[in-house]
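Coordinates as given in start19.cif (mmCIF, N, CA and C atoms):
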data_run
#
loop_
_atom_site.label_atom_id
_atom_site.label_comp_id
_atom_site.auth_asym_id
_atom_site.auth_seq_id
_atom_site.Cartn_x
_atom_site.Cartn_y
_atom_site.Cartn_z
N MET K 1 19.30 -63.78 -61.39
CA MET K 1 20.45 -64.65 -61.17
C MET K 1 21.25 -64.19 -59.95
N LYS K 2 21.49 -62.87 -59.86
CA LYS K 2 22.24 -62.35 -58.73
C LYS K 2 21.48 -62.58 -57.42
N LEU K 3 20.18 -62.41 -57.47
CA LEU K 3 19.37 -62.61 -56.27
C LEU K 3 19.43 -64.07 -55.79
N THR K 4 19.41 -65.00 -56.73
CA THR K 4 19.50 -66.42 -56.39
C THR K 4 20.85 -66.73 -55.75
N LEU K 5 21.91 -66.18 -56.32
CA LEU K 5 23.26 -66.40 -55.78
C LEU K 5 23.39 -65.80 -54.38
N ILE K 6 22.87 -64.62 -54.20
CA ILE K 6 22.93 -63.97 -52.89
C ILE K 6 22.14 -64.78 -51.87
N SER K 7 20.97 -65.25 -52.24
CA SER K 7 20.15 -66.07 -51.34
C SER K 7 20.89 -67.35 -50.95
N LEU K 8 21.53 -67.98 -51.90
CA LEU K 8 22.29 -69.20 -51.63
C LEU K 8 23.44 -68.93 -50.67
N LEU K 9 24.16 -67.86 -50.89
CA LEU K 9 25.29 -67.52 -50.02
C LEU K 9 24.82 -67.21 -48.60
N ILE K 10 23.71 -66.51 -48.48
CA ILE K 10 23.18 -66.19 -47.16
C ILE K 10 22.75 -67.46 -46.44
N SER K 11 22.07 -68.35 -47.16
CA SER K 11 21.62 -69.59 -46.51
C SER K 11 22.80 -70.45 -46.10
N LEU K 12 23.85 -70.50 -46.88
CA LEU K 12 25.03 -71.27 -46.50
C LEU K 12 25.73 -70.65 -45.30
N ALA K 13 25.77 -69.33 -45.27
CA ALA K 13 26.43 -68.64 -44.16
C ALA K 13 25.69 -68.87 -42.85
N THR K 14 24.37 -68.96 -42.91
CA THR K 14 23.61 -69.17 -41.68
C THR K 14 23.72 -70.60 -41.17
N LEU K 15 24.12 -71.53 -42.02
CA LEU K 15 24.28 -72.92 -41.59
C LEU K 15 25.61 -73.17 -40.91
N ALA K 16 26.59 -72.33 -41.18
CA ALA K 16 27.92 -72.53 -40.61
C ALA K 16 27.84 -72.37 -39.09
N PRO K 17 28.20 -73.41 -38.36
CA PRO K 17 28.12 -73.30 -36.90
C PRO K 17 29.17 -72.35 -36.36
N ASN K 18 28.86 -71.73 -35.25
CA ASN K 18 29.74 -70.77 -34.61
C ASN K 18 30.48 -71.46 -33.47
N TRP K 19 31.78 -71.58 -33.58
CA TRP K 19 32.60 -72.17 -32.52
C TRP K 19 33.11 -71.05 -31.63
N ILE K 20 32.90 -71.17 -30.34
CA ILE K 20 33.39 -70.17 -29.42
C ILE K 20 34.58 -70.73 -28.64
N LEU K 21 35.31 -69.86 -28.00
CA LEU K 21 36.55 -70.26 -27.34
C LEU K 21 36.46 -70.21 -25.82
N ASN K 22 35.44 -69.54 -25.29
CA ASN K 22 35.31 -69.35 -23.85
C ASN K 22 34.29 -70.33 -23.28
N PHE K 23 34.73 -71.23 -22.43
CA PHE K 23 33.86 -72.27 -21.90
C PHE K 23 32.80 -71.71 -20.97
N ASP K 24 33.14 -70.71 -20.17
CA ASP K 24 32.15 -70.11 -19.28
C ASP K 24 31.03 -69.45 -20.08
N GLN K 25 31.40 -68.79 -21.16
CA GLN K 25 30.41 -68.20 -22.05
C GLN K 25 29.52 -69.30 -22.65
N ALA K 26 30.12 -70.41 -23.00
CA ALA K 26 29.36 -71.53 -23.57
C ALA K 26 28.36 -72.08 -22.56
N LYS K 27 28.79 -72.22 -21.31
CA LYS K 27 27.88 -72.73 -20.28
C LYS K 27 26.69 -71.78 -20.08
N THR K 28 26.96 -70.50 -20.07
CA THR K 28 25.89 -69.52 -19.92
C THR K 28 24.93 -69.59 -21.10
N GLU K 29 25.48 -69.61 -22.31
CA GLU K 29 24.65 -69.69 -23.50
C GLU K 29 23.84 -70.98 -23.54
N ALA K 30 24.46 -72.09 -23.16
CA ALA K 30 23.76 -73.38 -23.16
C ALA K 30 22.61 -73.37 -22.16
N ALA K 31 22.84 -72.80 -20.99
CA ALA K 31 21.78 -72.75 -19.98
C ALA K 31 20.62 -71.87 -20.45
N GLN K 32 20.94 -70.74 -21.04
CA GLN K 32 19.89 -69.81 -21.49
C GLN K 32 19.10 -70.35 -22.67
N SER K 33 19.77 -71.07 -23.56
CA SER K 33 19.11 -71.55 -24.78
C SER K 33 18.68 -73.01 -24.69
N HIS K 34 18.91 -73.65 -23.54
CA HIS K 34 18.55 -75.06 -23.33
C HIS K 34 19.20 -75.96 -24.37
N LYS K 35 20.51 -75.75 -24.55
CA LYS K 35 21.30 -76.54 -25.49
C LYS K 35 22.38 -77.29 -24.73
N LEU K 36 22.97 -78.26 -25.41
CA LEU K 36 24.13 -78.98 -24.88
C LEU K 36 25.40 -78.32 -25.40
N ILE K 37 26.52 -78.65 -24.78
CA ILE K 37 27.82 -78.13 -25.20
C ILE K 37 28.60 -79.26 -25.86
N LEU K 38 29.16 -78.98 -27.03
CA LEU K 38 30.06 -79.93 -27.68
C LEU K 38 31.45 -79.30 -27.64
N LEU K 39 32.34 -79.92 -26.88
CA LEU K 39 33.71 -79.43 -26.68
C LEU K 39 34.65 -80.30 -27.50
N ASN K 40 35.39 -79.67 -28.40
CA ASN K 40 36.30 -80.40 -29.27
C ASN K 40 37.75 -79.97 -28.99
N PHE K 41 38.59 -80.96 -28.64
CA PHE K 41 40.02 -80.73 -28.46
C PHE K 41 40.69 -81.05 -29.79
N SER K 42 41.43 -80.07 -30.31
CA SER K 42 41.99 -80.21 -31.64
C SER K 42 43.42 -79.71 -31.70
N GLY K 43 44.18 -80.32 -32.58
CA GLY K 43 45.50 -79.83 -32.95
C GLY K 43 45.37 -79.38 -34.40
N SER K 44 44.88 -78.18 -34.60
CA SER K 44 44.43 -77.71 -35.91
C SER K 44 45.50 -77.68 -37.00
N ASP K 45 46.76 -77.60 -36.62
CA ASP K 45 47.79 -77.48 -37.65
C ASP K 45 48.76 -78.67 -37.69
N TRP K 46 48.45 -79.72 -36.93
CA TRP K 46 49.36 -80.87 -36.92
C TRP K 46 48.67 -82.22 -36.83
N CYS K 47 47.42 -82.24 -36.41
CA CYS K 47 46.71 -83.50 -36.17
C CYS K 47 45.81 -83.85 -37.36
N GLY K 48 46.26 -84.81 -38.16
CA GLY K 48 45.50 -85.21 -39.34
C GLY K 48 44.06 -85.61 -39.06
N PRO K 49 43.82 -86.48 -38.06
CA PRO K 49 42.43 -86.84 -37.75
C PRO K 49 41.59 -85.64 -37.29
N CYS K 50 42.22 -84.67 -36.61
CA CYS K 50 41.50 -83.46 -36.18
C CYS K 50 41.04 -82.66 -37.40
N ILE K 51 41.94 -82.52 -38.35
CA ILE K 51 41.63 -81.77 -39.56
C ILE K 51 40.53 -82.48 -40.35
N LYS K 52 40.62 -83.80 -40.43
CA LYS K 52 39.59 -84.58 -41.14
C LYS K 52 38.24 -84.46 -40.45
N LEU K 53 38.21 -84.55 -39.14
CA LEU K 53 36.96 -84.42 -38.39
C LEU K 53 36.33 -83.05 -38.63
N LYS K 54 37.14 -82.04 -38.60
CA LYS K 54 36.64 -80.68 -38.84
C LYS K 54 36.04 -80.56 -40.24
N LYS K 55 36.75 -81.05 -41.23
CA LYS K 55 36.29 -80.91 -42.62
C LYS K 55 35.08 -81.79 -42.94
N THR K 56 35.11 -83.04 -42.50
CA THR K 56 34.06 -83.96 -42.93
C THR K 56 32.80 -83.91 -42.07
N ILE K 57 32.94 -83.58 -40.79
CA ILE K 57 31.77 -83.55 -39.91
C ILE K 57 31.41 -82.11 -39.53
N PHE K 58 32.31 -81.44 -38.85
CA PHE K 58 31.98 -80.14 -38.27
C PHE K 58 31.69 -79.04 -39.30
N GLU K 59 32.27 -79.12 -40.48
CA GLU K 59 32.03 -78.10 -41.50
C GLU K 59 30.92 -78.49 -42.48
N SER K 60 30.26 -79.62 -42.25
CA SER K 60 29.18 -80.04 -43.15
C SER K 60 27.92 -79.23 -42.87
N ALA K 61 27.12 -79.02 -43.91
CA ALA K 61 25.87 -78.27 -43.78
C ALA K 61 24.91 -79.00 -42.84
N GLU K 62 24.87 -80.33 -42.93
CA GLU K 62 23.95 -81.11 -42.11
C GLU K 62 24.28 -80.95 -40.62
N PHE K 63 25.57 -81.07 -40.28
CA PHE K 63 25.96 -80.89 -38.88
C PHE K 63 25.73 -79.45 -38.46
N GLY K 64 26.04 -78.50 -39.34
CA GLY K 64 25.86 -77.09 -39.02
C GLY K 64 24.43 -76.76 -38.66
N GLN K 65 23.51 -77.29 -39.43
CA GLN K 65 22.10 -77.05 -39.17
C GLN K 65 21.70 -77.65 -37.81
N TYR K 66 22.12 -78.88 -37.55
CA TYR K 66 21.80 -79.52 -36.28
C TYR K 66 22.43 -78.74 -35.11
N ALA K 67 23.70 -78.39 -35.26
CA ALA K 67 24.42 -77.69 -34.19
C ALA K 67 23.78 -76.34 -33.87
N ASN K 68 23.40 -75.61 -34.90
CA ASN K 68 22.79 -74.29 -34.67
C ASN K 68 21.52 -74.40 -33.84
N GLU K 69 20.81 -75.50 -33.96
CA GLU K 69 19.55 -75.67 -33.24
C GLU K 69 19.72 -76.31 -31.86
N HIS K 70 20.77 -77.12 -31.67
CA HIS K 70 20.85 -77.94 -30.47
C HIS K 70 22.13 -77.82 -29.64
N LEU K 71 23.17 -77.22 -30.17
CA LEU K 71 24.47 -77.26 -29.49
C LEU K 71 25.11 -75.88 -29.36
N VAL K 72 25.92 -75.75 -28.34
CA VAL K 72 26.87 -74.65 -28.23
C VAL K 72 28.23 -75.29 -28.45
N LEU K 73 28.96 -74.82 -29.43
CA LEU K 73 30.22 -75.45 -29.83
C LEU K 73 31.41 -74.71 -29.24
N VAL K 74 32.32 -75.48 -28.66
CA VAL K 74 33.54 -74.91 -28.08
C VAL K 74 34.73 -75.67 -28.64
N ARG K 75 35.72 -74.93 -29.12
CA ARG K 75 36.94 -75.56 -29.61
C ARG K 75 38.10 -75.18 -28.69
N ALA K 76 38.80 -76.20 -28.23
CA ALA K 76 40.03 -76.02 -27.46
C ALA K 76 41.16 -76.48 -28.38
N ASP K 77 41.82 -75.53 -28.99
CA ASP K 77 42.85 -75.83 -29.98
C ASP K 77 44.23 -75.79 -29.35
N PHE K 78 45.09 -76.69 -29.85
CA PHE K 78 46.47 -76.78 -29.39
C PHE K 78 47.40 -76.81 -30.60
N PRO K 79 47.52 -75.67 -31.31
CA PRO K 79 48.39 -75.64 -32.49
C PRO K 79 49.86 -75.70 -32.08
N ARG K 80 50.68 -76.18 -33.02
CA ARG K 80 52.12 -76.30 -32.74
C ARG K 80 52.96 -75.28 -33.50
N LEU K 81 52.53 -74.92 -34.70
CA LEU K 81 53.32 -73.97 -35.49
C LEU K 81 53.29 -72.59 -34.85
N SER K 82 54.44 -71.94 -34.86
CA SER K 82 54.54 -70.64 -34.20
C SER K 82 53.58 -69.62 -34.82
N LYS K 83 53.34 -69.71 -36.11
CA LYS K 83 52.44 -68.74 -36.76
C LYS K 83 50.98 -68.91 -36.33
N ASN K 84 50.64 -70.06 -35.75
CA ASN K 84 49.26 -70.34 -35.33
C ASN K 84 49.07 -70.29 -33.82
N GLN K 85 50.11 -69.90 -33.09
CA GLN K 85 50.03 -69.91 -31.63
C GLN K 85 48.92 -68.98 -31.13
N LEU K 86 48.26 -69.41 -30.09
CA LEU K 86 47.22 -68.63 -29.45
C LEU K 86 47.85 -67.71 -28.42
N ASP K 87 47.10 -66.70 -28.00
CA ASP K 87 47.64 -65.83 -26.97
C ASP K 87 47.70 -66.60 -25.64
N ALA K 88 48.47 -66.09 -24.73
CA ALA K 88 48.74 -66.80 -23.47
C ALA K 88 47.46 -67.08 -22.68
N ARG K 89 46.54 -66.16 -22.69
CA ARG K 89 45.28 -66.33 -21.96
C ARG K 89 44.47 -67.49 -22.53
N GLN K 90 44.37 -67.56 -23.87
CA GLN K 90 43.60 -68.63 -24.51
C GLN K 90 44.29 -69.98 -24.31
N THR K 91 45.61 -70.00 -24.39
CA THR K 91 46.37 -71.22 -24.17
C THR K 91 46.11 -71.75 -22.75
N ALA K 92 46.16 -70.86 -21.77
CA ALA K 92 45.91 -71.26 -20.37
C ALA K 92 44.48 -71.77 -20.21
N HIS K 93 43.53 -71.11 -20.86
CA HIS K 93 42.13 -71.53 -20.81
C HIS K 93 41.97 -72.93 -21.39
N ASN K 94 42.58 -73.18 -22.55
CA ASN K 94 42.50 -74.50 -23.19
C ASN K 94 43.17 -75.57 -22.35
N GLU K 95 44.29 -75.23 -21.75
CA GLU K 95 44.99 -76.19 -20.88
C GLU K 95 44.14 -76.54 -19.66
N SER K 96 43.43 -75.56 -19.13
CA SER K 96 42.54 -75.80 -18.00
C SER K 96 41.40 -76.73 -18.40
N LEU K 97 40.85 -76.53 -19.58
CA LEU K 97 39.80 -77.42 -20.09
C LEU K 97 40.34 -78.84 -20.26
N ALA K 98 41.57 -78.95 -20.77
CA ALA K 98 42.17 -80.26 -20.96
C ALA K 98 42.40 -80.96 -19.62
N GLU K 99 42.80 -80.23 -18.60
CA GLU K 99 43.00 -80.82 -17.27
C GLU K 99 41.69 -81.40 -16.74
N GLN K 100 40.60 -80.77 -17.08
CA GLN K 100 39.31 -81.21 -16.57
C GLN K 100 38.67 -82.29 -17.44
N TYR K 101 38.76 -82.15 -18.77
CA TYR K 101 38.00 -83.02 -19.67
C TYR K 101 38.84 -83.92 -20.58
N ASN K 102 40.14 -83.68 -20.67
CA ASN K 102 40.98 -84.46 -21.58
C ASN K 102 42.33 -84.73 -20.91
N LYS K 103 42.27 -85.38 -19.77
CA LYS K 103 43.47 -85.61 -18.95
C LYS K 103 44.54 -86.43 -19.66
N GLN K 104 44.14 -87.28 -20.60
CA GLN K 104 45.11 -88.11 -21.31
C GLN K 104 45.68 -87.42 -22.54
N GLY K 105 45.21 -86.23 -22.86
CA GLY K 105 45.76 -85.46 -23.97
C GLY K 105 45.52 -86.08 -25.33
N LYS K 106 44.32 -86.60 -25.56
CA LYS K 106 43.99 -87.24 -26.84
C LYS K 106 43.56 -86.21 -27.87
N PHE K 107 43.88 -86.50 -29.13
CA PHE K 107 43.49 -85.62 -30.24
C PHE K 107 43.08 -86.45 -31.44
N PRO K 108 41.97 -86.15 -32.08
CA PRO K 108 40.92 -85.28 -31.56
C PRO K 108 40.19 -85.98 -30.42
N PHE K 109 39.62 -85.18 -29.59
CA PHE K 109 38.82 -85.67 -28.48
C PHE K 109 37.63 -84.75 -28.36
N THR K 110 36.44 -85.31 -28.41
CA THR K 110 35.22 -84.51 -28.41
C THR K 110 34.34 -84.96 -27.25
N VAL K 111 33.79 -83.99 -26.54
CA VAL K 111 33.02 -84.26 -25.34
C VAL K 111 31.67 -83.56 -25.44
N LEU K 112 30.61 -84.30 -25.17
CA LEU K 112 29.26 -83.73 -25.10
C LEU K 112 28.95 -83.49 -23.63
N LEU K 113 28.55 -82.26 -23.31
CA LEU K 113 28.33 -81.85 -21.92
C LEU K 113 26.96 -81.20 -21.77
N ASP K 114 26.42 -81.27 -20.57
CA ASP K 114 25.21 -80.49 -20.31
C ASP K 114 25.64 -79.07 -19.96
N ALA K 115 24.69 -78.19 -19.70
CA ALA K 115 25.00 -76.78 -19.44
C ALA K 115 25.79 -76.57 -18.16
N ASN K 116 25.81 -77.56 -17.29
CA ASN K 116 26.58 -77.47 -16.05
C ASN K 116 27.99 -78.02 -16.19
N GLY K 117 28.31 -78.58 -17.35
CA GLY K 117 29.63 -79.14 -17.57
C GLY K 117 29.73 -80.63 -17.27
N LYS K 118 28.60 -81.29 -17.04
CA LYS K 118 28.61 -82.73 -16.78
C LYS K 118 28.78 -83.49 -18.09
N VAL K 119 29.72 -84.44 -18.11
CA VAL K 119 30.00 -85.22 -19.31
C VAL K 119 28.85 -86.19 -19.58
N LEU K 120 28.34 -86.14 -20.83
CA LEU K 120 27.28 -87.04 -21.26
C LEU K 120 27.81 -88.13 -22.19
N LYS K 121 28.82 -87.77 -23.02
CA LYS K 121 29.39 -88.72 -23.97
C LYS K 121 30.76 -88.19 -24.41
N GLU K 122 31.63 -89.13 -24.81
CA GLU K 122 32.96 -88.77 -25.31
C GLU K 122 33.23 -89.53 -26.61
N TRP K 123 33.96 -88.87 -27.51
CA TRP K 123 34.43 -89.50 -28.75
C TRP K 123 35.94 -89.37 -28.76
N ASP K 124 36.62 -90.49 -28.84
CA ASP K 124 38.08 -90.55 -28.82
C ASP K 124 38.57 -90.76 -30.25
N GLY K 125 39.28 -89.79 -30.79
CA GLY K 125 39.82 -89.92 -32.14
C GLY K 125 38.78 -89.69 -33.22
N TYR K 126 39.10 -90.18 -34.40
CA TYR K 126 38.20 -90.07 -35.54
C TYR K 126 37.95 -91.49 -36.06
N PRO K 127 36.84 -92.11 -35.63
CA PRO K 127 36.54 -93.46 -36.10
C PRO K 127 36.29 -93.47 -37.61
N GLN K 128 36.87 -94.42 -38.30
CA GLN K 128 36.71 -94.50 -39.76
C GLN K 128 35.26 -94.66 -40.18
N SER K 129 34.44 -95.23 -39.32
CA SER K 129 33.04 -95.47 -39.66
C SER K 129 32.14 -94.28 -39.31
N LEU K 130 32.72 -93.19 -38.83
CA LEU K 130 31.94 -92.03 -38.40
C LEU K 130 31.27 -91.35 -39.59
N THR K 131 29.96 -91.17 -39.50
CA THR K 131 29.19 -90.45 -40.51
C THR K 131 28.48 -89.29 -39.83
N ILE K 132 28.04 -88.33 -40.60
CA ILE K 132 27.32 -87.19 -40.03
C ILE K 132 26.03 -87.65 -39.36
N PRO K 133 25.19 -88.43 -40.06
CA PRO K 133 23.97 -88.89 -39.38
C PRO K 133 24.26 -89.74 -38.14
N GLY K 134 25.29 -90.56 -38.20
CA GLY K 134 25.66 -91.38 -37.05
C GLY K 134 26.12 -90.54 -35.87
N PHE K 135 26.87 -89.48 -36.15
CA PHE K 135 27.36 -88.59 -35.10
C PHE K 135 26.18 -87.86 -34.45
N ILE K 136 25.28 -87.34 -35.28
CA ILE K 136 24.10 -86.64 -34.76
C ILE K 136 23.24 -87.60 -33.94
N ASP K 137 23.08 -88.82 -34.42
CA ASP K 137 22.30 -89.81 -33.69
C ASP K 137 22.94 -90.12 -32.33
N ALA K 138 24.26 -90.20 -32.30
CA ALA K 138 24.96 -90.46 -31.03
C ALA K 138 24.74 -89.31 -30.05
N ILE K 139 24.70 -88.09 -30.53
CA ILE K 139 24.44 -86.93 -29.68
C ILE K 139 23.01 -87.03 -29.13
N GLN K 140 22.07 -87.32 -30.01
CA GLN K 140 20.67 -87.42 -29.59
C GLN K 140 20.46 -88.55 -28.59
N THR K 141 21.13 -89.65 -28.79
CA THR K 141 21.01 -90.80 -27.89
C THR K 141 21.57 -90.47 -26.51
N ALA K 142 22.61 -89.66 -26.46
CA ALA K 142 23.25 -89.30 -25.18
C ALA K 142 22.49 -88.20 -24.44
N THR K 143 21.58 -87.53 -25.13
CA THR K 143 20.85 -86.42 -24.54
C THR K 143 19.91 -86.93 -23.47
N PRO K 144 19.97 -86.37 -22.25
CA PRO K 144 19.13 -86.85 -21.15
C PRO K 144 17.64 -86.89 -21.49
N ALA K 145 17.13 -85.95 -22.25
CA ALA K 145 15.70 -85.91 -22.58
C ALA K 145 15.28 -87.08 -23.45
N SER K 146 16.25 -87.66 -24.20
CA SER K 146 15.91 -88.75 -25.11
C SER K 146 16.02 -90.12 -24.44
N LYS K 147 16.49 -90.17 -23.20
CA LYS K 147 16.66 -91.45 -22.50
C LYS K 147 15.41 -91.82 -21.75
#
Once more with this new file: its structure as structure tokens, please.
Amino acid sequence: MKLTLISLLISLATLAPNWILNFDQAKTEAAQSHKLILLNFSGSDWCGPCIKLKKTIFESAEFGQYANEHLVLVRADFPRLSKNQLDARQTAHNESLAEQYNKQGKFPFTVLLDANGKVLKEWDGYPQSLTIPGFIDAIQTATPASK
């Protein structure tokens, strides 16, 4: 019984996608692993649609499995509560990403990029009809190799 539980926990832990905060690191990793970059702009402590997107899509096992195989995930967070504030360096980094990829300051805003930072697709907000399979299909459709 204990072995089964441990195996289950390990398998769930390996499905959880790893979100990184450094875009340059993401570009390097994407180039080396031949993956795309998914950049998500979020207001983690104030934006209801951002929180919903994270819980229903990004934290799902199905998306996690797909992301681990095909994507490098980057989160640019813009929290408002003082207890959740990022350090000055990370805040400046996120603001720089927003100047380049989210000039209108939309939340949530998700961008699919190639390893060079070229925009392939954008998702504005959290569409009510968004499903995990639909989101993955949209990523695959936007991928240059699939066109």
task = Extract the full set of alpha helix (DSSP H) residues from region 47-132 of chain K according to DSSP on the backbone, and format it as JSON, numbers by chain.
result = {"K": [48, 49, 50, 51, 52, 53, 61, 62, 63, 64, 65, 66, 67, 68, 69, 70, 88, 89, 90, 91, 92, 93, 94, 95, 96, 97, 98, 99, 100, 101, 132]}
key: Length of the CA of Ala31 (chain K) to atom C of His70 (chain K) vector [Å]   = 10.9 Å
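Atom N of Gln128 (chain K) is found 22.3 Å from CA of Val74 (chain K).
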message = If I take atom N of Asp87 (chain K) and atom N of Leu21 (chain K), how far is one from the other in Å, to one decimal?
response =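 Value for the atom N of Asp87 (chain K)-atom N of Leu21 (chain K) distance: 12.2 Å.
Applied to this file, the PyMOL selection byres (((chain K and resi 112-116 and name CA) around 9) and name CA) selects Ala26, Lys27, Thr28, Glu29, Ala30, Ala31, Gln32, His34, Lys35, Leu36, Ile37, Leu38, Leu39, Asn40, Thr110, Val111, Gly117, Lys118, Val119, Leu120, Lys121, Glu122, Trp123, Ile139, Ala142, Thr143 and Pro144 of chain K.
Once the PyMOL selection byres ((chain K and resi 53-67) around 6.5) is applied to the depicted file, the selected set reads K:Leu15, K:Ala16, K:Pro17, K:Gly48, K:Pro49, K:Cys50, K:Ile51, K:Lys52, K:Asn68, K:Glu69, K:His70, K:Leu71, K:Val72, K:Tyr126, K:Ile132.
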Residues of region 30-138 of chain K in strand (DSSP E or B), written as a list in words =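 Filtering region 30-138 of chain K down to strand (DSSP E or B) leaves Leu36, Ile37, Leu38, Leu39, Asn40, Phe41, Ser42, Leu71, Val72, Leu73, Val74, Arg75, Ala76, Asp77, Phe109, Thr110, Val111, Leu112, Leu113, Val119, Leu120, Lys121, Glu122, Trp123 and Asp124 of chain K.
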key: Test item: the PyMOL selection byres (((chain K and resi 44 and name CA) around 9) and name CA) resolved as a ChimeraX atom specification   = /K:42-43,45-48,50-51,54,77-80,84
Generate the output file for the selected residues, N, CA and C atoms, as a compact mmCIF listing (two decimals), in the frame of the given file.
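After the write, selection.txt holds the following:
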# COMPACT_ATOMS: atom_id res chain seq x y z
N SER K 42 41.43 -80.07 -30.31
CA SER K 42 41.99 -80.21 -31.64
C SER K 42 43.42 -79.71 -31.70
N GLY K 43 44.18 -80.32 -32.58
CA GLY K 43 45.50 -79.83 -32.95
C GLY K 43 45.37 -79.38 -34.40
N ASP K 45 46.76 -77.60 -36.62
CA ASP K 45 47.79 -77.48 -37.65
C ASP K 45 48.76 -78.67 -37.69
N TRP K 46 48.45 -79.72 -36.93
CA TRP K 46 49.36 -80.87 -36.92
C TRP K 46 48.67 -82.22 -36.83
N CYS K 47 47.42 -82.24 -36.41
CA CYS K 47 46.71 -83.50 -36.17
C CYS K 47 45.81 -83.85 -37.36
N GLY K 48 46.26 -84.81 -38.16
CA GLY K 48 45.50 -85.21 -39.34
C GLY K 48 44.06 -85.61 -39.06
N CYS K 50 42.22 -84.67 -36.61
CA CYS K 50 41.50 -83.46 -36.18
C CYS K 50 41.04 -82.66 -37.40
N ILE K 51 41.94 -82.52 -38.35
CA ILE K 51 41.63 -81.77 -39.56
C ILE K 51 40.53 -82.48 -40.35
N LYS K 54 37.14 -82.04 -38.60
CA LYS K 54 36.64 -80.68 -38.84
C LYS K 54 36.04 -80.56 -40.24
N ASP K 77 41.82 -75.53 -28.99
CA ASP K 77 42.85 -75.83 -29.98
C ASP K 77 44.23 -75.79 -29.35
N PHE K 78 45.09 -76.69 -29.85
CA PHE K 78 46.47 -76.78 -29.39
C PHE K 78 47.40 -76.81 -30.60
N PRO K 79 47.52 -75.67 -31.31
CA PRO K 79 48.39 -75.64 -32.49
C PRO K 79 49.86 -75.70 -32.08
N ARG K 80 50.68 -76.18 -33.02
CA ARG K 80 52.12 -76.30 -32.74
C ARG K 80 52.96 -75.28 -33.50
N ASN K 84 50.64 -70.06 -35.75
CA ASN K 84 49.26 -70.34 -35.33
C ASN K 84 49.07 -70.29 -33.82
Write out as JSON an axis-aligned box for region 51-59 of chain K: all of its atoms listed in the file, 8 Å added on each side, centre and edge lengths in Å with one decimal.
{"center_x": 36.4, "center_y": -81.3, "center_z": -40.6, "size_x": 27.0, "size_y": 22.5, "size_z": 20.7}
Output as a compact mmCIF listing (two decimals), keeping the file's coordinate frame: region 117-128 of chain K, completed with N, CA, C and O atoms.
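Writing the result to selection.txt gives the following:
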# COMPACT_ATOMS: atom_id res chain seq x y z
N GLY K 117 28.31 -78.58 -17.35
CA GLY K 117 29.63 -79.14 -17.57
C GLY K 117 29.73 -80.63 -17.27
O GLY K 117 30.83 -81.18 -17.24
N LYS K 118 28.60 -81.29 -17.04
CA LYS K 118 28.61 -82.73 -16.78
C LYS K 118 28.78 -83.49 -18.09
O LYS K 118 28.09 -83.24 -19.07
N VAL K 119 29.72 -84.44 -18.11
CA VAL K 119 30.00 -85.22 -19.31
C VAL K 119 28.85 -86.19 -19.58
O VAL K 119 28.46 -86.96 -18.72
N LEU K 120 28.34 -86.14 -20.83
CA LEU K 120 27.28 -87.04 -21.26
C LEU K 120 27.81 -88.13 -22.19
O LEU K 120 27.31 -89.24 -22.20
N LYS K 121 28.82 -87.77 -23.02
CA LYS K 121 29.39 -88.72 -23.97
C LYS K 121 30.76 -88.19 -24.41
O LYS K 121 31.00 -87.00 -24.42
N GLU K 122 31.63 -89.13 -24.81
CA GLU K 122 32.96 -88.77 -25.31
C GLU K 122 33.23 -89.53 -26.61
O GLU K 122 32.79 -90.66 -26.77
N TRP K 123 33.96 -88.87 -27.51
CA TRP K 123 34.43 -89.50 -28.75
C TRP K 123 35.94 -89.37 -28.76
O TRP K 123 36.49 -88.28 -28.69
N ASP K 124 36.62 -90.49 -28.84
CA ASP K 124 38.08 -90.55 -28.82
C ASP K 124 38.57 -90.76 -30.25
O ASP K 124 38.29 -91.79 -30.86
N GLY K 125 39.28 -89.79 -30.79
CA GLY K 125 39.82 -89.92 -32.14
C GLY K 125 38.78 -89.69 -33.22
O GLY K 125 37.74 -89.10 -32.98
N TYR K 126 39.10 -90.18 -34.40
CA TYR K 126 38.20 -90.07 -35.54
C TYR K 126 37.95 -91.49 -36.06
O TYR K 126 38.73 -92.02 -36.83
N PRO K 127 36.84 -92.11 -35.63
CA PRO K 127 36.54 -93.46 -36.10
C PRO K 127 36.29 -93.47 -37.61
O PRO K 127 35.58 -92.60 -38.13
N GLN K 128 36.87 -94.42 -38.30
CA GLN K 128 36.71 -94.50 -39.76
C GLN K 128 35.26 -94.66 -40.18
O GLN K 128 34.87 -94.25 -41.25
